[in-house]
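Colleague: Input file: work.txt. Contents: compact mmCIF, C-alpha atoms (C1' of nucleotides).
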# COMPACT_ATOMS: atom_id res chain seq x y z
CA MET A 1455 202.64 126.35 55.92
CA ALA A 1456 202.71 129.38 53.66
CA LYS A 1457 205.94 128.37 52.04
CA ALA A 1458 205.81 131.70 50.28
CA LYS A 1459 208.26 131.39 47.40
CA TRP A 1460 210.27 128.22 47.64
CA LEU A 1461 213.25 127.69 45.38
CA THR A 1462 212.80 126.16 41.95
CA ASP A 1463 215.02 123.24 41.02
CA ALA A 1464 217.39 125.48 39.10
CA GLU A 1465 217.54 127.98 41.95
CA MET A 1466 218.15 125.18 44.41
CA ARG A 1467 221.02 123.86 42.32
CA ALA A 1468 222.58 127.31 42.24
CA TRP A 1469 222.25 127.86 45.99
CA ARG A 1470 223.19 124.35 47.07
CA GLY A 1471 226.09 124.32 44.67
CA PHE A 1472 227.37 127.54 46.07
CA ILE A 1473 226.92 126.77 49.74
CA GLU A 1474 228.22 123.21 49.53
CA ARG A 1475 231.22 123.73 47.28
CA SER A 1476 232.56 127.15 48.03
CA ALA A 1477 234.25 126.21 51.29
CA ASP A 1478 235.83 123.14 49.70
CA LEU A 1479 237.01 125.14 46.73
CA ILE A 1480 238.61 127.76 48.91
CA ASN A 1481 240.19 125.08 51.07
CA ILE A 1482 241.84 123.25 48.23
CA ILE A 1483 243.20 126.43 46.70
CA THR A 1484 244.53 127.38 50.13
CA LYS A 1485 246.19 123.99 50.40
CA ASP A 1486 248.02 124.62 47.15
CA LEU A 1487 249.63 127.68 48.75
CA GLU A 1488 251.02 125.80 51.73
CA PRO A 1489 254.29 124.77 50.06
CA TYR A 1490 255.14 128.45 49.87
CA GLY A 1491 254.51 129.07 53.54
CA LEU A 1492 251.39 131.12 52.91
CA ASP A 1493 247.73 130.61 53.53
CA GLY A 1494 244.90 132.09 51.53
CA GLY A 1495 244.53 135.08 53.82
CA ASP A 1496 248.22 135.95 53.60
CA TYR A 1497 248.12 135.67 49.85
CA GLN A 1498 245.13 137.96 49.51
CA LEU A 1499 246.76 140.45 51.83
CA LEU A 1500 250.04 140.50 49.92
CA ALA A 1501 248.25 140.58 46.58
CA MET A 1502 246.22 143.61 47.62
CA LEU A 1503 249.25 145.48 48.87
CA SER A 1504 251.29 144.63 45.80
CA GLU A 1505 248.63 146.22 43.61
CA ALA A 1506 248.02 149.25 45.83
CA PRO A 1507 249.56 152.65 45.00
CA GLY A 1508 252.83 152.99 46.90
CA HIS A 1509 252.50 149.30 47.82
CA LYS A 1510 250.65 150.32 50.94
CA MET A 1511 247.15 150.60 52.34
CA LYS A 1512 245.64 151.88 55.55
CA MET A 1513 244.83 149.04 57.91
CA CYS A 1514 241.24 150.10 57.94
CA ASP A 1515 240.75 149.97 54.19
CA LEU A 1516 242.73 146.79 53.93
CA ALA A 1517 240.54 145.08 56.48
CA GLN A 1518 237.44 146.06 54.55
CA THR A 1519 238.88 144.91 51.24
CA LEU A 1520 239.87 141.57 52.70
CA GLY A 1521 236.54 141.12 54.41
CA LEU A 1522 238.12 141.05 57.86
CA SER A 1523 237.29 142.85 61.05
CA ARG A 1524 239.90 145.32 62.26
CA SER A 1525 240.96 142.95 64.99
CA GLY A 1526 241.13 140.10 62.53
CA LEU A 1527 243.52 142.07 60.37
CA THR A 1528 245.70 142.97 63.35
CA ARG A 1529 246.16 139.26 64.08
CA ARG A 1530 246.74 138.36 60.47
CA MET A 1531 249.39 141.05 60.21
CA ASP A 1532 251.33 139.35 63.00
CA GLY A 1533 252.39 136.55 60.70
CA VAL A 1534 253.44 138.58 57.68
CA LEU A 1535 255.13 141.17 59.90
CA LYS A 1536 257.23 138.56 61.62
CA ALA A 1537 258.14 137.10 58.24
CA LYS A 1538 259.09 140.61 57.08
CA TYR A 1539 256.78 140.45 54.11
CA VAL A 1540 255.02 143.59 55.31
CA SER A 1541 256.06 146.56 57.42
CA ARG A 1542 254.08 149.12 59.36
CA VAL A 1543 254.33 152.79 58.41
CA GLY A 1544 252.68 155.55 60.41
CA ASP A 1545 250.46 158.02 58.58
CA GLN A 1546 251.77 161.57 58.87
CA GLU A 1547 248.40 163.19 58.23
CA ASP A 1548 246.33 161.06 60.58
CA ARG A 1549 248.30 159.88 63.52
CA ARG A 1550 245.68 157.31 64.46
CA ALA A 1551 246.21 155.48 61.21
CA VAL A 1552 248.85 152.98 60.18
CA PHE A 1553 249.78 151.84 56.72
CA ALA A 1554 250.62 148.27 55.93
CA GLN A 1555 253.30 148.30 53.28
CA ILE A 1556 254.59 145.28 51.43
CA THR A 1557 258.37 144.88 51.54
CA GLU A 1558 260.75 143.90 48.77
CA LYS A 1559 260.85 140.46 50.29
CA GLY A 1560 257.06 140.29 50.20
CA LEU A 1561 256.96 141.47 46.60
CA ALA A 1562 259.53 138.90 45.58
CA LEU A 1563 257.54 136.18 47.28
CA ILE A 1564 254.25 137.02 45.71
CA LYS A 1565 255.85 137.37 42.31
CA LYS A 1566 257.18 133.86 42.74
CA VAL A 1567 253.97 132.38 44.07
CA ALA A 1568 251.46 134.12 41.81
CA PRO A 1569 251.87 131.85 38.77
CA HIS A 1570 251.31 128.76 40.87
CA HIS A 1571 248.33 130.33 42.52
CA VAL A 1572 246.82 131.31 39.19
CA ALA A 1573 247.41 127.79 37.92
CA SER A 1574 245.63 126.47 41.00
CA VAL A 1575 242.67 128.77 40.46
CA ARG A 1576 242.50 127.67 36.83
CA ARG A 1577 242.74 124.01 37.66
CA HIS A 1578 240.08 124.01 40.35
CA MET A 1579 237.69 126.57 38.96
CA ILE A 1580 238.26 128.71 35.89
CA ASP A 1581 239.26 126.06 33.38
CA LEU A 1582 236.25 123.97 34.35
CA LEU A 1583 233.81 126.65 33.37
CA SER A 1584 232.51 127.67 29.96
CA PRO A 1585 232.95 131.29 28.86
CA ALA A 1586 229.26 131.85 29.47
CA GLU A 1587 229.56 130.49 33.00
CA ILE A 1588 232.57 132.67 33.65
CA ALA A 1589 230.69 135.73 32.50
CA ALA A 1590 227.73 134.76 34.66
CA PHE A 1591 229.92 134.32 37.75
CA GLY A 1592 231.38 137.75 37.13
CA THR A 1593 228.11 139.57 36.69
CA GLY A 1594 226.33 137.51 39.33
CA PHE A 1595 228.82 138.13 42.10
CA ALA A 1596 229.02 141.77 41.11
CA LYS A 1597 225.29 142.12 41.68
CA ILE A 1598 225.49 140.23 44.95
CA GLY A 1599 228.38 142.39 46.09
CA LYS A 1600 226.62 145.60 45.18
CA GLN A 1601 223.63 144.63 47.25
CA LEU A 1602 225.86 143.61 50.16
CA SER A 1603 227.71 146.92 50.16
CA GLN A 1604 224.44 148.81 50.22
CA LYS A 1605 223.33 146.83 53.27
CA THR A 1606 226.55 147.60 55.03
CA LYS A 1607 226.68 151.20 54.01
CA ILE A 1608 223.60 152.56 55.79
CA MET B 1334 258.53 136.07 34.56
CA ALA B 1335 256.87 133.29 32.61
CA LYS B 1336 253.42 134.26 33.73
CA ALA B 1337 252.18 131.19 31.93
CA LYS B 1338 248.45 131.69 31.56
CA TRP B 1339 247.28 134.68 33.53
CA LEU B 1340 243.58 135.34 33.98
CA THR B 1341 241.66 137.32 31.42
CA ASP B 1342 239.54 140.22 32.63
CA ALA B 1343 236.41 138.14 32.54
CA GLU B 1344 238.09 135.30 34.38
CA MET B 1345 239.45 137.70 36.94
CA ARG B 1346 236.01 139.14 37.54
CA ALA B 1347 234.63 135.66 38.10
CA TRP B 1348 237.38 134.64 40.52
CA ARG B 1349 237.60 137.91 42.40
CA GLY B 1350 233.85 138.12 42.63
CA PHE B 1351 233.70 134.67 44.09
CA ILE B 1352 236.55 134.98 46.54
CA GLU B 1353 235.65 138.46 47.75
CA ARG B 1354 231.90 138.09 48.09
CA SER B 1355 231.25 134.54 49.10
CA ALA B 1356 232.28 134.96 52.72
CA ASP B 1357 230.20 138.12 53.04
CA LEU B 1358 227.22 136.48 51.45
CA ILE B 1359 227.39 133.51 53.76
CA ASN B 1360 227.84 135.80 56.74
CA ILE B 1361 224.79 137.89 56.05
CA ILE B 1362 222.60 134.88 55.45
CA THR B 1363 223.90 133.42 58.71
CA LYS B 1364 223.05 136.65 60.49
CA ASP B 1365 219.48 136.36 59.28
CA LEU B 1366 219.23 133.04 61.13
CA GLU B 1367 220.32 134.46 64.47
CA PRO B 1368 216.84 135.54 65.62
CA TYR B 1369 215.91 131.87 65.59
CA GLY B 1370 218.83 130.83 67.74
CA LEU B 1371 220.58 129.02 64.91
CA ASP B 1372 223.71 129.63 62.94
CA GLY B 1373 224.35 128.53 59.40
CA GLY B 1374 226.01 125.29 60.43
CA ASP B 1375 223.12 124.29 62.67
CA TYR B 1376 220.67 125.05 59.91
CA GLN B 1377 222.51 122.96 57.37
CA LEU B 1378 222.75 120.13 59.86
CA LEU B 1379 219.05 120.16 60.68
CA ALA B 1380 218.09 120.58 57.04
CA MET B 1381 220.12 117.54 56.05
CA LEU B 1382 218.65 115.40 58.79
CA SER B 1383 215.12 116.53 58.05
CA GLU B 1384 215.52 115.33 54.46
CA ALA B 1385 217.27 112.08 55.29
CA PRO B 1386 215.42 108.74 55.34
CA GLY B 1387 214.30 108.03 58.89
CA HIS B 1388 215.33 111.57 59.77
CA LYS B 1389 218.76 110.27 60.67
CA MET B 1390 222.27 109.96 59.29
CA LYS B 1391 225.48 108.34 60.45
CA MET B 1392 227.83 110.91 61.96
CA CYS B 1393 230.42 110.00 59.42
CA ASP B 1394 228.25 110.61 56.38
CA LEU B 1395 226.78 113.70 57.90
CA ALA B 1396 230.22 115.19 58.45
CA GLN B 1397 231.11 114.58 54.84
CA THR B 1398 227.89 116.08 53.55
CA LEU B 1399 228.34 119.16 55.69
CA GLY B 1400 231.97 119.53 54.71
CA LEU B 1401 233.13 119.10 58.31
CA SER B 1402 235.80 116.95 59.84
CA ARG B 1403 234.61 114.25 62.19
CA SER B 1404 235.78 116.21 65.18
CA GLY B 1405 234.15 119.35 63.86
CA LEU B 1406 230.83 117.57 63.67
CA THR B 1407 231.21 116.20 67.20
CA ARG B 1408 231.56 119.76 68.48
CA ARG B 1409 228.74 121.10 66.36
CA MET B 1410 226.47 118.37 67.65
CA ASP B 1411 227.02 119.61 71.20
CA GLY B 1412 224.82 122.62 70.58
CA VAL B 1413 221.92 120.95 68.85
CA LEU B 1414 222.04 118.03 71.29
CA LYS B 1415 221.78 120.32 74.29
CA ALA B 1416 218.91 122.16 72.63
CA LYS B 1417 217.25 118.76 72.01
CA TYR B 1418 216.94 119.40 68.30
CA VAL B 1419 218.88 116.21 67.60
CA SER B 1420 219.37 112.95 69.48
CA ARG B 1421 222.01 110.26 69.25
CA VAL B 1422 221.01 106.72 68.30
CA GLY B 1423 223.43 103.82 68.31
CA ASP B 1424 223.69 101.67 65.20
CA GLN B 1425 222.74 98.05 65.89
CA GLU B 1426 224.68 96.67 62.95
CA ASP B 1427 227.90 98.58 63.50
CA ARG B 1428 228.53 99.33 67.12
CA ARG B 1429 231.21 101.86 66.32
CA ALA B 1430 228.72 104.06 64.53
CA VAL B 1431 226.20 106.54 65.86
CA PHE B 1432 223.24 108.06 64.10
CA ALA B 1433 222.28 111.67 64.50
CA GLN B 1434 218.50 111.87 64.40
CA ILE B 1435 216.47 115.03 64.29
CA THR B 1436 213.78 115.25 66.98
CA GLU B 1437 210.22 116.46 66.70
CA LYS B 1438 211.35 119.68 68.28
CA GLY B 1439 214.07 120.03 65.67
CA LEU B 1440 211.66 119.31 62.86
CA ALA B 1441 209.23 121.87 64.18
CA LEU B 1442 211.97 124.44 64.39
CA ILE B 1443 213.29 123.96 60.91
CA LYS B 1444 209.79 123.97 59.50
CA LYS B 1445 209.29 127.32 61.14
CA VAL B 1446 212.61 128.77 60.11
CA ALA B 1447 212.84 127.46 56.55
CA PRO B 1448 210.59 130.07 54.92
CA HIS B 1449 212.58 132.90 56.46
CA HIS B 1450 215.81 131.28 55.43
CA VAL B 1451 214.60 130.83 51.87
CA ALA B 1452 213.50 134.44 51.81
CA SER B 1453 216.94 135.45 52.99
CA VAL B 1454 218.63 133.39 50.30
CA ARG B 1455 216.35 134.95 47.71
CA ARG B 1456 216.92 138.46 48.93
CA HIS B 1457 220.70 138.26 49.07
CA MET B 1458 221.35 136.03 46.10
CA ILE B 1459 218.76 134.29 43.99
CA ASP B 1460 216.45 137.18 43.22
CA LEU B 1461 219.41 139.29 42.15
CA LEU B 1462 220.41 136.87 39.41
CA SER B 1463 218.99 136.38 35.94
CA PRO B 1464 217.73 132.93 34.97
CA ALA B 1465 220.84 132.47 32.85
CA GLU B 1466 223.08 133.35 35.77
CA ILE B 1467 221.19 130.96 38.01
CA ALA B 1468 221.64 128.19 35.50
CA ALA B 1469 225.33 129.01 35.18
CA PHE B 1470 225.85 128.93 38.94
CA GLY B 1471 224.16 125.55 39.05
CA THR B 1472 226.17 123.97 36.28
CA GLY B 1473 229.39 125.74 37.25
CA PHE B 1474 229.41 124.66 40.86
CA ALA B 1475 228.40 121.17 39.81
CA LYS B 1476 231.51 120.93 37.64
CA ILE B 1477 233.67 122.35 40.39
CA GLY B 1478 232.23 119.92 42.89
CA LYS B 1479 232.71 116.95 40.62
CA GLN B 1480 236.38 117.80 40.21
CA LEU B 1481 236.77 118.28 43.95
CA SER B 1482 235.25 114.92 44.79
CA GLN B 1483 237.60 113.21 42.36
CA LYS B 1484 240.57 114.83 44.06
CA THR B 1485 239.38 113.64 47.43
CA LYS B 1486 238.43 110.21 46.31
CA ILE B 1487 241.81 108.74 45.37
C1' DC C 637 241.33 82.14 63.45
C1' DA C 638 244.80 85.41 65.08
C1' DA C 639 247.12 89.59 63.87
C1' DA C 640 247.13 93.73 61.13
C1' DA C 641 244.81 97.33 59.00
C1' DA C 642 240.85 100.11 58.42
C1' DT C 643 237.00 102.78 60.25
C1' DA C 644 233.71 105.57 63.69
C1' DG C 645 233.80 108.66 67.04
C1' DT C 646 235.83 111.64 70.91
C1' DT C 647 239.25 114.57 73.15
C1' DG C 648 243.53 117.84 73.70
C1' DC C 649 245.59 121.41 71.55
C1' DG C 650 246.50 125.14 68.34
C1' DT C 651 244.70 128.65 65.05
C1' DG C 652 241.92 132.24 62.92
C1' DC C 653 238.51 135.26 63.62
C1' DG C 654 234.66 138.35 65.58
C1' DC C 655 232.83 141.14 69.47
C1' DA C 656 233.31 144.20 73.17
C1' DA C 657 236.15 147.20 75.65
C1' DC C 658 239.99 150.24 75.71
C1' DT C 659 243.35 154.11 74.18
C1' DA C 660 244.57 157.63 71.06
C1' DT C 661 243.43 160.81 67.73
C1' DC C 662 240.46 163.45 64.73
C1' DT C 663 235.96 165.97 63.61
C1' DA C 664 231.74 168.47 64.66
C1' DC C 665 228.81 171.26 67.34
C1' DT C 666 227.97 175.22 70.45
C1' DA D 121 238.16 176.91 72.22
C1' DG D 122 235.87 172.88 74.61
C1' DT D 123 233.32 169.14 74.83
C1' DA D 124 230.83 165.15 72.44
C1' DG D 125 231.03 161.94 69.15
C1' DA D 126 233.28 159.43 65.43
C1' DT D 127 237.20 156.75 63.86
C1' DA D 128 241.90 153.79 63.81
C1' DG D 129 244.01 150.35 65.92
C1' DT D 130 245.01 146.83 69.72
C1' DT D 131 243.89 143.50 73.31
C1' DG D 132 241.01 140.01 76.18
C1' DC D 133 237.92 136.63 75.57
C1' DG D 134 235.19 133.12 73.42
C1' DC D 135 233.84 130.09 69.54
C1' DA D 136 234.24 126.95 65.63
C1' DC D 137 237.12 124.13 63.41
C1' DG D 138 241.12 120.98 61.85
C1' DC D 139 244.90 117.82 63.13
C1' DA D 140 246.90 114.29 65.76
C1' DA D 141 246.35 110.90 69.15
C1' DC D 142 243.40 107.74 71.45
C1' DT D 143 239.65 103.95 72.20
C1' DA D 144 236.44 100.79 70.43
C1' DT D 145 234.86 98.22 66.98
C1' DT D 146 234.92 95.89 62.21
C1' DT D 147 237.26 94.05 58.14
C1' DT D 148 241.05 92.01 55.86
C1' DT D 149 244.77 88.96 55.34
C1' DG D 150 248.09 85.36 55.83
Please express what this file holds, its structure, as structure tokens.
Modeller:
Amino acid sequence: MAKAKWLTDAEMRAWRGFIERSADLINIITKDLEPYGLDGGDYQLLAMLSEAPGHKMKMCDLAQTLGLSRSGLTRRMDGVLKAKYVSRVGDQEDRRAVFAQITEKGLALIKKVAPHHVASVRRHMIDLLSPAEIAAFGTGFAKIGKQLSQKTKI
Amino acid sequence: MAKAKWLTDAEMRAWRGFIERSADLINIITKDLEPYGLDGGDYQLLAMLSEAPGHKMKMCDLAQTLGLSRSGLTRRMDGVLKAKYVSRVGDQEDRRAVFAQITEKGLALIKKVAPHHVASVRRHMIDLLSPAEIAAFGTGFAKIGKQLSQKTKI
DNA sequence: CAAAAATAGTTGCGTGCGCAACTATCTACT
DNA sequence: AGTAGATAGTTGCGCACGCAACTATTTTTG
């Protein structure tokens, strides 16, 4: 038996809530992007690039930021490359590396879509939460992320 | 422009934290299940059945609870059926329906694995959070889930 | 009560992604 | 310098899943 430390009711609510709802939440917010011809992964990718210095990032770093494997990013790039939202730029200093750079077309798109996306995030998540809950999500996920990056970093 | 209502810093931290970490968190907890020959989906499935009355649920309800499509559940069942952790039982009252019922072998497995899984959840999430954060995750995801189920329910 | 609509489950197909293997380049050790 | 190892990116393969179409039942409706 030795159940060691089971979860208390409050802990169980936190864990179950997270594990049961997070996929649904992400799905519905992704669905809201469909009318613009994007999925959640494309949006994250374009958003990252639009905020990056020079509007470009090395594939490698981008994959890490997006939580993708390198191969996963290669595939995901296919779509946004074909749509001309992103272009590939070789790195002069490291000829192994390639930058993904968002194009004017990509910037225009994300500028158009962003308000709707933000509204979607508000509607399905942020506006439902109290300020205290918002703060707790922020600090909580920061702690979780810090621990995760340590694990990975060894 | 008309950025309408953008996210405040605190709101951004909450959203970014959630969207960037949740996949990683789920992945690492799934990885911790691998030594037992299960993945996260199998575990959730067995856990649900082990708690259900009669240790069984209709495929349909089970799919909904697990956040899967009906076809997705059919495929997922393949694995646990072949491993004899779950068996299929026809419904006498509705001959379209099929129950998924966890076997003794499945119950034994989940009883063995549960403590390690709980420890994993604690290590990667629960034990990192303050009681206030835990409470906020519980109430926050409950609100999010309630809204989601209304959307779906029309 | 017959016909139409709804519901449970499975199957074919397409997609997104990770892992392992591969090439090309860079870095470190001797 | 020269070789061994690390690193960036791509490709082949496999897996899990959703959607649409299909069959088999049940429910609804005129």
Colleague: What does the distance between atom C1' of DA639 of chain C and atom C1' of DT149 of chain D come to in Å, to one decimal place?
Modeller: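 Between atom C1' of DA639 of chain C and atom C1' of DT149 of chain D the gap works out to 8.9 Å.
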Colleague: Could you please determine the separation between atom CA of Val1419 of chain B and atom CA of Leu1379 of chain B in Å, to one decimal place?
Modeller: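 Calculated distance between atom CA of Val1419 of chain B and atom CA of Leu1379 of chain B is 8.0 Å.
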Colleague: Could you list, as a PyMOL selection string, every residue within 9 Å of segment 1394-1408 of chain B, counting only C-alpha atoms (C1' of nucleotides) and ignoring same-chain residues fewer than 2 positions away?
Modeller: (chain A and resi 1474-1475+1477-1478) or (chain B and resi 1374+1377-1378+1381-1382+1390-1392+1410-1412+1433) or (chain C and resi 644-647) or (chain D and resi 136-138)
Colleague: What is the atom CA of Trp1469 of chain A to atom CA of Thr1363 of chain B distance in Å?
Modeller: 14.0 Å
Colleague: Only residues of chain A matter here; which ones have an atom within 7 Å of chain D, counting all atoms listed in the file? Give them as an MDAnalysis selection string.
Modeller: chainID A and resid 1514 1550:1551
Colleague: Please determine the contact residues of chain B with respect to chain A at a cut-off of 7 Å, counting only C-alpha atoms, and supply them as an mmCIF file with C-alpha atoms, keeping the file's coordinate frame.
Modeller:
data_model
loop_
_atom_site.group_PDB
_atom_site.id
_atom_site.type_symbol
_atom_site.label_atom_id
_atom_site.label_comp_id
_atom_site.auth_asym_id
_atom_site.auth_seq_id
_atom_site.Cartn_x
_atom_site.Cartn_y
_atom_site.Cartn_z
ATOM 1 C CA LYS B 1336 253.420 134.260 33.730
ATOM 2 C CA ALA B 1337 252.180 131.190 31.930
ATOM 3 C CA TRP B 1339 247.280 134.680 33.530
ATOM 4 C CA ALA B 1343 236.410 138.140 32.540
ATOM 5 C CA GLU B 1344 238.090 135.300 34.380
ATOM 6 C CA ARG B 1346 236.010 139.140 37.540
ATOM 7 C CA ALA B 1347 234.630 135.660 38.100
ATOM 8 C CA GLY B 1350 233.850 138.120 42.630
ATOM 9 C CA PHE B 1351 233.700 134.670 44.090
ATOM 10 C CA ARG B 1354 231.900 138.090 48.090
ATOM 11 C CA PRO B 1448 210.590 130.070 54.920
ATOM 12 C CA VAL B 1451 214.600 130.830 51.870
ATOM 13 C CA HIS B 1457 220.700 138.260 49.070
ATOM 14 C CA MET B 1458 221.350 136.030 46.100
ATOM 15 C CA ILE B 1459 218.760 134.290 43.990
ATOM 16 C CA LEU B 1461 219.410 139.290 42.150
ATOM 17 C CA LEU B 1462 220.410 136.870 39.410
ATOM 18 C CA GLU B 1466 223.080 133.350 35.770
ATOM 19 C CA ILE B 1467 221.190 130.960 38.010
ATOM 20 C CA ALA B 1468 221.640 128.190 35.500
ATOM 21 C CA ALA B 1469 225.330 129.010 35.180
ATOM 22 C CA PHE B 1470 225.850 128.930 38.940
ATOM 23 C CA GLY B 1471 224.160 125.550 39.050
ATOM 24 C CA GLY B 1473 229.390 125.740 37.250
ATOM 25 C CA PHE B 1474 229.410 124.660 40.860
ATOM 26 C CA ALA B 1475 228.400 121.170 39.810
ATOM 27 C CA LYS B 1476 231.510 120.930 37.640
ATOM 28 C CA ILE B 1477 233.670 122.350 40.390
ATOM 29 C CA GLY B 1478 232.230 119.920 42.890
#
Colleague: Identify, on the basis of all atoms listed in the file, every residue whose closest approach to Lys1536 of chain A does not exceed 12 Å; exclude the query and any residue fewer than 6 positions from it along the same chain; express the result as a PyMOL selection string.
Modeller: chain A and resi 1529-1530+1542+1557+1560
Colleague: Which of these residues is nearest to chain A, using only C-alpha atoms (C1' of nucleotides): C:DA638, C:DA657, C:DC649, C:DC662?
Modeller: C:DC662
Colleague: Once you count only C-alpha atoms (C1' of nucleotides), which residues end up no further than 8 Å from (219.5, 106.6, 69.8) in the file's frame, shown as a PyMOL selection string?
Modeller: chain B and resi 1420-1424+1431-1434
Colleague: Could those selected residues go to a file with C-alpha atoms, as an mmCIF file, keeping the file's coordinate frame?
Modeller:
data_model
loop_
_atom_site.group_PDB
_atom_site.id
_atom_site.type_symbol
_atom_site.label_atom_id
_atom_site.label_comp_id
_atom_site.auth_asym_id
_atom_site.auth_seq_id
_atom_site.Cartn_x
_atom_site.Cartn_y
_atom_site.Cartn_z
ATOM 1 C CA SER B 1420 219.370 112.950 69.480
ATOM 2 C CA ARG B 1421 222.010 110.260 69.250
ATOM 3 C CA VAL B 1422 221.010 106.720 68.300
ATOM 4 C CA GLY B 1423 223.430 103.820 68.310
ATOM 5 C CA ASP B 1424 223.690 101.670 65.200
ATOM 6 C CA VAL B 1431 226.200 106.540 65.860
ATOM 7 C CA PHE B 1432 223.240 108.060 64.100
ATOM 8 C CA ALA B 1433 222.280 111.670 64.500
ATOM 9 C CA GLN B 1434 218.500 111.870 64.400
#
Colleague: Box for segment 1593-1596 of chain A - axis-aligned, 8 Å on each of the six sides, all listed atoms - centre and size in Å to one decimal, as AutoDock Vina command-line options.
Modeller:
--center_x 227.7 --center_y 139.6 --center_z 39.4 --size_x 18.7 --size_y 20.3 --size_z 21.4
Colleague: Which is closer to chain C than all the others in A:Ile1564, A:His1571, A:Gln1604, A:Asp1496, using all atoms listed in the file?
Modeller: A:Asp1496
Colleague: Given the choices C:DG650, C:DT643, C:DT666, C:DC655, which gets closest to chain A if the distance is worked out from all atoms listed in the file?
Modeller: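 Smallest separation from chain A among the options: C:DC655.
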Colleague: Taking only C-alpha atoms (C1' of nucleotides) into account, report as an MDAnalysis selection string which residues of chain C lie within 12 Å of chain A.
Modeller: chainID C and resid 651:656 659:663
Colleague: Can you patch up segment 1352-1368 of chain B, filling it in to N, CA and C atoms, and show the result as a CSV table (one decimal), keeping the file's coordinate frame?
Modeller:
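Once everything was written out, this is rebuild24.csv:
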chain,number,residue,atom,x,y,z
B,1352,ILE,N,235.7,135.0,45.3
B,1352,ILE,CA,236.6,135.0,46.5
B,1352,ILE,C,236.2,136.1,47.5
B,1353,GLU,N,235.9,137.3,46.9
B,1353,GLU,CA,235.6,138.5,47.8
B,1353,GLU,C,234.2,138.5,48.3
B,1354,ARG,N,233.3,138.0,47.6
B,1354,ARG,CA,231.9,138.1,48.1
B,1354,ARG,C,231.4,136.9,48.9
B,1355,SER,N,231.9,135.7,48.6
B,1355,SER,CA,231.2,134.5,49.1
B,1355,SER,C,231.2,134.5,50.6
B,1356,ALA,N,232.3,135.0,51.3
B,1356,ALA,CA,232.3,135.0,52.7
B,1356,ALA,C,231.2,135.9,53.2
B,1357,ASP,N,231.2,137.1,52.6
B,1357,ASP,CA,230.2,138.1,53.0
B,1357,ASP,C,228.8,137.6,52.9
B,1358,LEU,N,228.6,137.0,51.7
B,1358,LEU,CA,227.2,136.5,51.4
B,1358,LEU,C,226.8,135.5,52.5
B,1359,ILE,N,227.7,134.5,52.8
B,1359,ILE,CA,227.4,133.5,53.8
B,1359,ILE,C,227.2,134.2,55.1
B,1360,ASN,N,228.0,135.1,55.4
B,1360,ASN,CA,227.8,135.8,56.7
B,1360,ASN,C,226.5,136.5,56.9
B,1361,ILE,N,226.0,137.1,55.9
B,1361,ILE,CA,224.8,137.9,56.0
B,1361,ILE,C,223.6,136.9,56.1
B,1362,ILE,N,223.7,135.8,55.4
B,1362,ILE,CA,222.6,134.9,55.4
B,1362,ILE,C,222.6,134.2,56.8
B,1363,THR,N,223.8,134.0,57.4
B,1363,THR,CA,223.9,133.4,58.7
B,1363,THR,C,223.3,134.4,59.7
B,1364,LYS,N,223.6,135.6,59.6
B,1364,LYS,CA,223.0,136.6,60.5
B,1364,LYS,C,221.5,136.6,60.5
B,1365,ASP,N,220.9,136.4,59.4
B,1365,ASP,CA,219.5,136.4,59.3
B,1365,ASP,C,218.9,135.2,60.1
B,1366,LEU,N,219.7,134.2,60.4
B,1366,LEU,CA,219.2,133.0,61.1
B,1366,LEU,C,219.3,133.3,62.6
B,1367,GLU,N,220.1,134.2,63.0
B,1367,GLU,CA,220.3,134.5,64.5
B,1367,GLU,C,219.0,134.6,65.3
B,1368,PRO,N,218.1,135.4,64.8
B,1368,PRO,CA,216.8,135.5,65.6
B,1368,PRO,C,216.2,134.2,66.0
